[in-house]
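First up is the structure itself, then whatever we jot down about it.
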Amino acid sequence: MQGKLFLVLIILFSCRFERSPQKEIKVFEAELFLRLVSTYKAKIVNQEYINFQNPITKPPFTAQSLIEFETIGDNGNARGIFCLVYRIPSAKGEGGRLKMTENPCGEKEEGPALRLGGIKDLYLELSATPKDSIRKGEKIRPFHLALAFEKSKKKYLLEIPLLNLSREEIYLKGSKNLRTTSVSSARFSNGLSSSYAPGVIFFPIIEEKRISHKVEMIGEISDNYPNGSSKYCHKVNEKCQSENEFSCERCRYGWFEVVPTKCPLAGDKFCGVDRCGEKGHPACFRGLKFERGLGFSGCNPENKSAFCQKGLTLVCDTKGVLICD
Amino acid sequence: MIKREISLLPIFTVPVILVALAVFFRFSYFKNPDRIIQKRDNLQALIEGAKKIKKIWHEGDLRGDIKAGKLDCSKELKDEKIVDSTFLRCNFRFLECVLRESLEKEIIDFPRNISPVKLENNRYTKIVTRSNMEGPKVPNYGVLIHIAHGNDSLKIVFEDSCHEAVLPQRVYSYGVEGNDWRWDNLDRLIVIDKHLVTNNDVAEWNPDFKFKKLSYPATNLKLQDMEKFCLSRGKQITSAHVFDAATFFPGNLKNKTPQIIFKSPYPWTRVKMNSFLFSAQRYADFVFENKYCGQVYSNECIGKVPFEDFQFKATTWLGLSEILGGSMEVMRNSIDARENLFASSYHFPITSLYHQLGKRGFWDGLGFSWDNFELGENVFGEIPQVGFRCMRMISNAR
């Protein structure tokens, strides 16, 4: 009797509704889709594994974080951060496993993870532009995460659309380098970022209880630069790197950029109303063509690329910003 | 002595089984995989449906369904006769009408098997801005809808992809013909509204706002309220030098840094002498004709030509409309604070020198008496009409 009871328990534990590999992959793909479809940011952890010419095989039998995804919930706010991890199979091609965890890459795993085992020869592709895939005869679909692999001697391709991802939000995790906008500056451009569906933001309603990190908006309508209430939303240093992550899209009432004095590519930015050129406010930027010889070596009232309204002069304030006085 | 073997096993059997079952449920051994796949399929269908609705949002009533009686939008458009399809593009009222009507009739291009869901404001659409919604991808201004397919649903926000123009990156010149104060946006992206802010826009922002026609420019806001409106959409009132850049006909667009910037005072031509305005402003025997109202809605046009015939036409090289004539337009001037009003309007006759690009007056922004204005010519009309448009920046590098 005891033996029979234990046998029943063992069967129950091992009986994972043994599915065919196809069904297992179909369910895995659907679960992956539901988790990642509202992605708005993709941070690449290991650049050598993305859009790589050969399948990921080295170093064997190690777990490698591939990409970190930040997603949005149905209320428009952040839903969760997911990390795609690949346990590279051994030299014999065994033990390969894809795993999707609910935490930033490199941090302690929280919550249930999504797994797909028994895979090998994984190719991972993510691109903002349509281009030839490394898988011969295929094209990379822009803003789709493509996973091609082999399982049980069959080849599979999973493509997950990342609906809210724009080109400038695909970048190397931890990088502070400035990223250029994907908005076209051509005549008759519509001013929209390049994405899966430009001008459309998707908030899928997926019934799962998940603790997400709330993204708060910045600034009040009364904020203004002269009284010190305007908050930084992007700071750039002399190496043309971001000192803090660009967050001007969280400014409630717009933002403005001051005259660049450290990096020619970009100036510091503040949330709030732009009254450049007016008394007490930052100077306006006349343009790159007017910057002469100062080499972006800091704030200088002689800077010809800045201008104010008639009757006002340029001065440097304590933040190193050219203002009008 | 009788030894009774007291087996402890039966005591632990039930709890062990319960724990085992709990583990199963915890790790979702009984989770329905078919439901997961169905949810994914439903979501895919909703995404495809959203793309079709987006096309309707962007194109408006391109087919003329309202005029043909196939769509009844009198509830949303307040019985207003819409004379230009431009107004209905990226228009939340039109989208509200389409979503409502889709429940009762078949609408061409509307996705099958997708149904709109009412939001908490008891409508099918809701304006979202960064001041009323929080999140990493909330746009400056957008329209939220909620659609359903099967047991699943999706919320979508459509941005305004119709009414803005990106100023190409090049060197520009500010001020009237002959003035060559230069600036450039070679490392900046500036986006400017194509049309003046309308009553439709302001009415949604301020429900107490009184107006006559939805599509007309909003002309009874004080400057402070105009600024607040633009700020509510993450924008600012257009700057004078940006306005000039978007209205003066540029030379060779391929040359971003021209040595000479030639400025014609009229937005539709580079050869000013061929223009009727040149003749009107110089020759005493000039004869006004109604056809001029399509380009300059001057004082002579009132009562003769409908304002709507001018409103969405007569565009500049970048697609901006309502430039010469119509209502006056206030702007921010970072170069000269006393020149913040583009005065060309129906308050002046066709012969007025204000009907030229770059020429400005001043408005203190505090009221609508002619005492609040500084203009160098005689004006017509009792109540000054001042409109505005907004602009915003896009970060070139982040």
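Labels used: A, B, ... for chains in the order of the structure tokens, numbers from 1 for residues in each chain, and numbers from 1 for ligands as shown.
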Contacts of region 89-96 of chain B at 7 Å or less, counting only C-alpha atoms, minus same-chain residues fewer than 3 places along, as a ChimeraX atom specification?
-> /B:57-60,76-77,85-86,99-100,124-125,143,160-162
Contact residues around region 197-199 of chain A with only C-alpha atoms at 12 Å, ignoring same-chain residues under 6 positions, as a PyMOL selection string | (chain A and resi 128+142-144+161-167+182-184+189-191) or (chain B and resi 47-48+50-55+57-58+90+137-143+156-162)
For the selection just defined, write its residues with C-alpha atoms to a file, as an mmCIF file, in the first residue's frame.
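Resulting contents of selection.cif:
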```cif
data_model
loop_
_atom_site.group_PDB
_atom_site.id
_atom_site.type_symbol
_atom_site.label_atom_id
_atom_site.label_comp_id
_atom_site.auth_asym_id
_atom_site.auth_seq_id
_atom_site.Cartn_x
_atom_site.Cartn_y
_atom_site.Cartn_z
ATOM 1 C CA ALA A 128 15.311 47.879 -35.915
ATOM 2 C CA PRO A 142 12.291 44.691 -37.633
ATOM 3 C CA PHE A 143 11.263 44.988 -33.992
ATOM 4 C CA HIS A 144 10.806 41.237 -33.667
ATOM 5 C CA PRO A 161 6.814 41.292 -31.971
ATOM 6 C CA LEU A 162 8.064 43.927 -29.534
ATOM 7 C CA LEU A 163 5.292 46.434 -30.024
ATOM 8 C CA ASN A 164 6.472 49.480 -28.099
ATOM 9 C CA LEU A 165 10.146 49.275 -28.900
ATOM 10 C CA SER A 166 11.722 52.113 -30.880
ATOM 11 C CA ARG A 167 15.112 52.011 -32.540
ATOM 12 C CA SER A 182 15.170 57.508 -35.069
ATOM 13 C CA VAL A 183 12.837 60.357 -36.027
ATOM 14 C CA SER A 184 13.476 61.387 -39.598
ATOM 15 C CA SER A 189 8.536 63.528 -41.843
ATOM 16 C CA ASN A 190 5.707 62.871 -39.393
ATOM 17 C CA GLY A 191 7.914 63.269 -36.353
ATOM 18 C CA ILE B 47 -2.891 43.867 -32.768
ATOM 19 C CA GLU B 48 -3.872 43.423 -36.408
ATOM 20 C CA ALA B 50 -5.404 47.993 -33.969
ATOM 21 C CA LYS B 51 -3.337 48.568 -37.105
ATOM 22 C CA LYS B 52 -6.524 48.847 -39.187
ATOM 23 C CA ILE B 53 -8.104 51.265 -36.738
ATOM 24 C CA LYS B 54 -4.908 53.283 -36.831
ATOM 25 C CA LYS B 55 -5.369 53.685 -40.572
ATOM 26 C CA TRP B 57 -7.453 57.414 -37.306
ATOM 27 C CA HIS B 58 -4.773 58.662 -39.672
ATOM 28 C CA CYS B 90 -6.258 62.261 -36.185
ATOM 29 C CA LYS B 137 5.714 55.515 -23.220
ATOM 30 C CA VAL B 138 2.853 57.895 -22.577
ATOM 31 C CA PRO B 139 2.945 60.403 -25.445
ATOM 32 C CA ASN B 140 2.649 64.175 -25.133
ATOM 33 C CA TYR B 141 -0.810 63.809 -26.578
ATOM 34 C CA GLY B 142 -2.700 60.765 -27.708
ATOM 35 C CA VAL B 143 -6.094 59.110 -27.827
ATOM 36 C CA ILE B 156 -4.023 51.311 -27.506
ATOM 37 C CA VAL B 157 -2.949 54.929 -27.664
ATOM 38 C CA PHE B 158 -2.764 56.659 -31.032
ATOM 39 C CA GLU B 159 -0.415 59.603 -31.337
ATOM 40 C CA ASP B 160 -1.170 62.553 -33.563
ATOM 41 C CA SER B 161 0.650 61.641 -36.740
ATOM 42 C CA CYS B 162 -1.243 64.102 -38.913
#
```
With a distance cut-off of 9 Å and only C-alpha atoms, select the neighbouring residues of Ser215 (chain B), excluding the residue or stretch itself and same-chain residues fewer than 3 positions from it, and output the selection as a list in words.
-> Glu80, Ile82, Phe87, Thr198, Asn199, Asn200, Asp201, Ala218 and Glu308 of chain B
Could you please take those selected residues and save all heavy atoms as a tab-separated table (two decimals), in the first residue's frame?
```
chain	number	residue	atom	x	y	z
B	80	GLU	N	-21.74	70.03	-37.02
B	80	GLU	CA	-20.95	71.01	-37.77
B	80	GLU	C	-20.68	70.49	-39.17
B	80	GLU	O	-20.29	69.34	-39.36
B	80	GLU	CB	-19.64	71.23	-37.04
B	80	GLU	CG	-18.80	72.33	-37.63
B	80	GLU	CD	-17.74	72.80	-36.67
B	80	GLU	OE1	-18.05	73.06	-35.50
B	80	GLU	OE2	-16.58	72.90	-37.11
B	82	ILE	N	-18.56	69.85	-41.99
B	82	ILE	CA	-17.10	69.77	-42.15
B	82	ILE	C	-16.76	69.97	-43.62
B	82	ILE	O	-17.20	69.20	-44.48
B	82	ILE	CB	-16.59	68.40	-41.68
B	82	ILE	CG1	-17.00	68.14	-40.24
B	82	ILE	CG2	-15.09	68.31	-41.86
B	82	ILE	CD1	-16.49	69.14	-39.24
B	87	PHE	N	-9.56	68.12	-41.31
B	87	PHE	CA	-9.98	68.32	-39.92
B	87	PHE	C	-10.28	67.00	-39.23
B	87	PHE	O	-10.14	66.88	-38.02
B	87	PHE	CB	-11.20	69.24	-39.88
B	87	PHE	CG	-11.72	69.49	-38.49
B	87	PHE	CD1	-10.98	70.21	-37.57
B	87	PHE	CD2	-12.96	68.99	-38.11
B	87	PHE	CE1	-11.46	70.42	-36.28
B	87	PHE	CE2	-13.45	69.21	-36.83
B	87	PHE	CZ	-12.69	69.92	-35.91
B	198	THR	N	-7.22	74.63	-32.63
B	198	THR	CA	-8.65	74.84	-32.93
B	198	THR	C	-9.50	74.81	-31.66
B	198	THR	O	-9.05	74.37	-30.59
B	198	THR	CB	-9.17	73.75	-33.87
B	198	THR	OG1	-9.04	72.49	-33.19
B	198	THR	CG2	-8.40	73.70	-35.17
B	199	ASN	N	-10.74	75.21	-31.83
B	199	ASN	CA	-11.70	75.12	-30.72
B	199	ASN	C	-11.87	73.67	-30.29
B	199	ASN	O	-12.07	73.38	-29.12
B	199	ASN	CB	-13.05	75.70	-31.15
B	199	ASN	CG	-12.99	77.20	-31.33
B	199	ASN	OD1	-12.30	77.90	-30.59
B	199	ASN	ND2	-13.71	77.72	-32.31
B	200	ASN	N	-11.79	72.78	-31.24
B	200	ASN	CA	-11.88	71.34	-30.96
B	200	ASN	C	-10.81	70.92	-29.96
B	200	ASN	O	-11.07	70.19	-28.99
B	200	ASN	CB	-11.71	70.57	-32.26
B	200	ASN	CG	-11.91	69.07	-32.08
B	200	ASN	OD1	-12.80	68.63	-31.37
B	200	ASN	ND2	-11.07	68.29	-32.73
B	201	ASP	N	-9.59	71.41	-30.18
B	201	ASP	CA	-8.48	71.05	-29.30
B	201	ASP	C	-8.70	71.60	-27.90
B	201	ASP	O	-8.53	70.91	-26.89
B	201	ASP	CB	-7.15	71.64	-29.84
B	201	ASP	CG	-6.81	71.12	-31.22
B	201	ASP	OD1	-7.09	69.94	-31.50
B	201	ASP	OD2	-6.28	71.91	-32.04
B	218	ALA	N	-8.85	78.68	-32.23
B	218	ALA	CA	-9.22	79.16	-30.90
B	218	ALA	C	-8.64	80.55	-30.73
B	218	ALA	O	-7.41	80.71	-30.67
B	218	ALA	CB	-8.69	78.21	-29.84
B	308	GLU	N	-13.83	78.82	-44.42
B	308	GLU	CA	-13.37	77.44	-44.53
B	308	GLU	C	-12.61	77.18	-45.83
B	308	GLU	O	-11.78	76.29	-45.92
B	308	GLU	CB	-14.57	76.48	-44.49
B	308	GLU	CG	-15.26	76.42	-43.14
B	308	GLU	CD	-16.33	77.49	-42.97
B	308	GLU	OE1	-16.34	78.47	-43.73
B	308	GLU	OE2	-17.16	77.34	-42.05
```
When you get a sec, could you note down which chain B residues fall within 7 Å of chain A, using only C-alpha atoms, as a ChimeraX atom specification?
-> /B:29,33,36-37,40,130-131,134-136,138,153-159,161,164-169,183-187,189,191,231-236,318,334-337,395-398
Selected residue, from A:Ile50, A:Val259, A:Ile25, A:Leu158, that lies nearest to Gly117 (chain A) when counting only C-alpha atoms =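 The shortest atom-to-atom distance to Gly117 (chain A) comes from A:Ile25.
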Nearest to Leu253 (chain B): which of B:Tyr283, B:Tyr346, B:Tyr172, B:Phe276 is it, counting only C-alpha atoms?
-> B:Tyr172
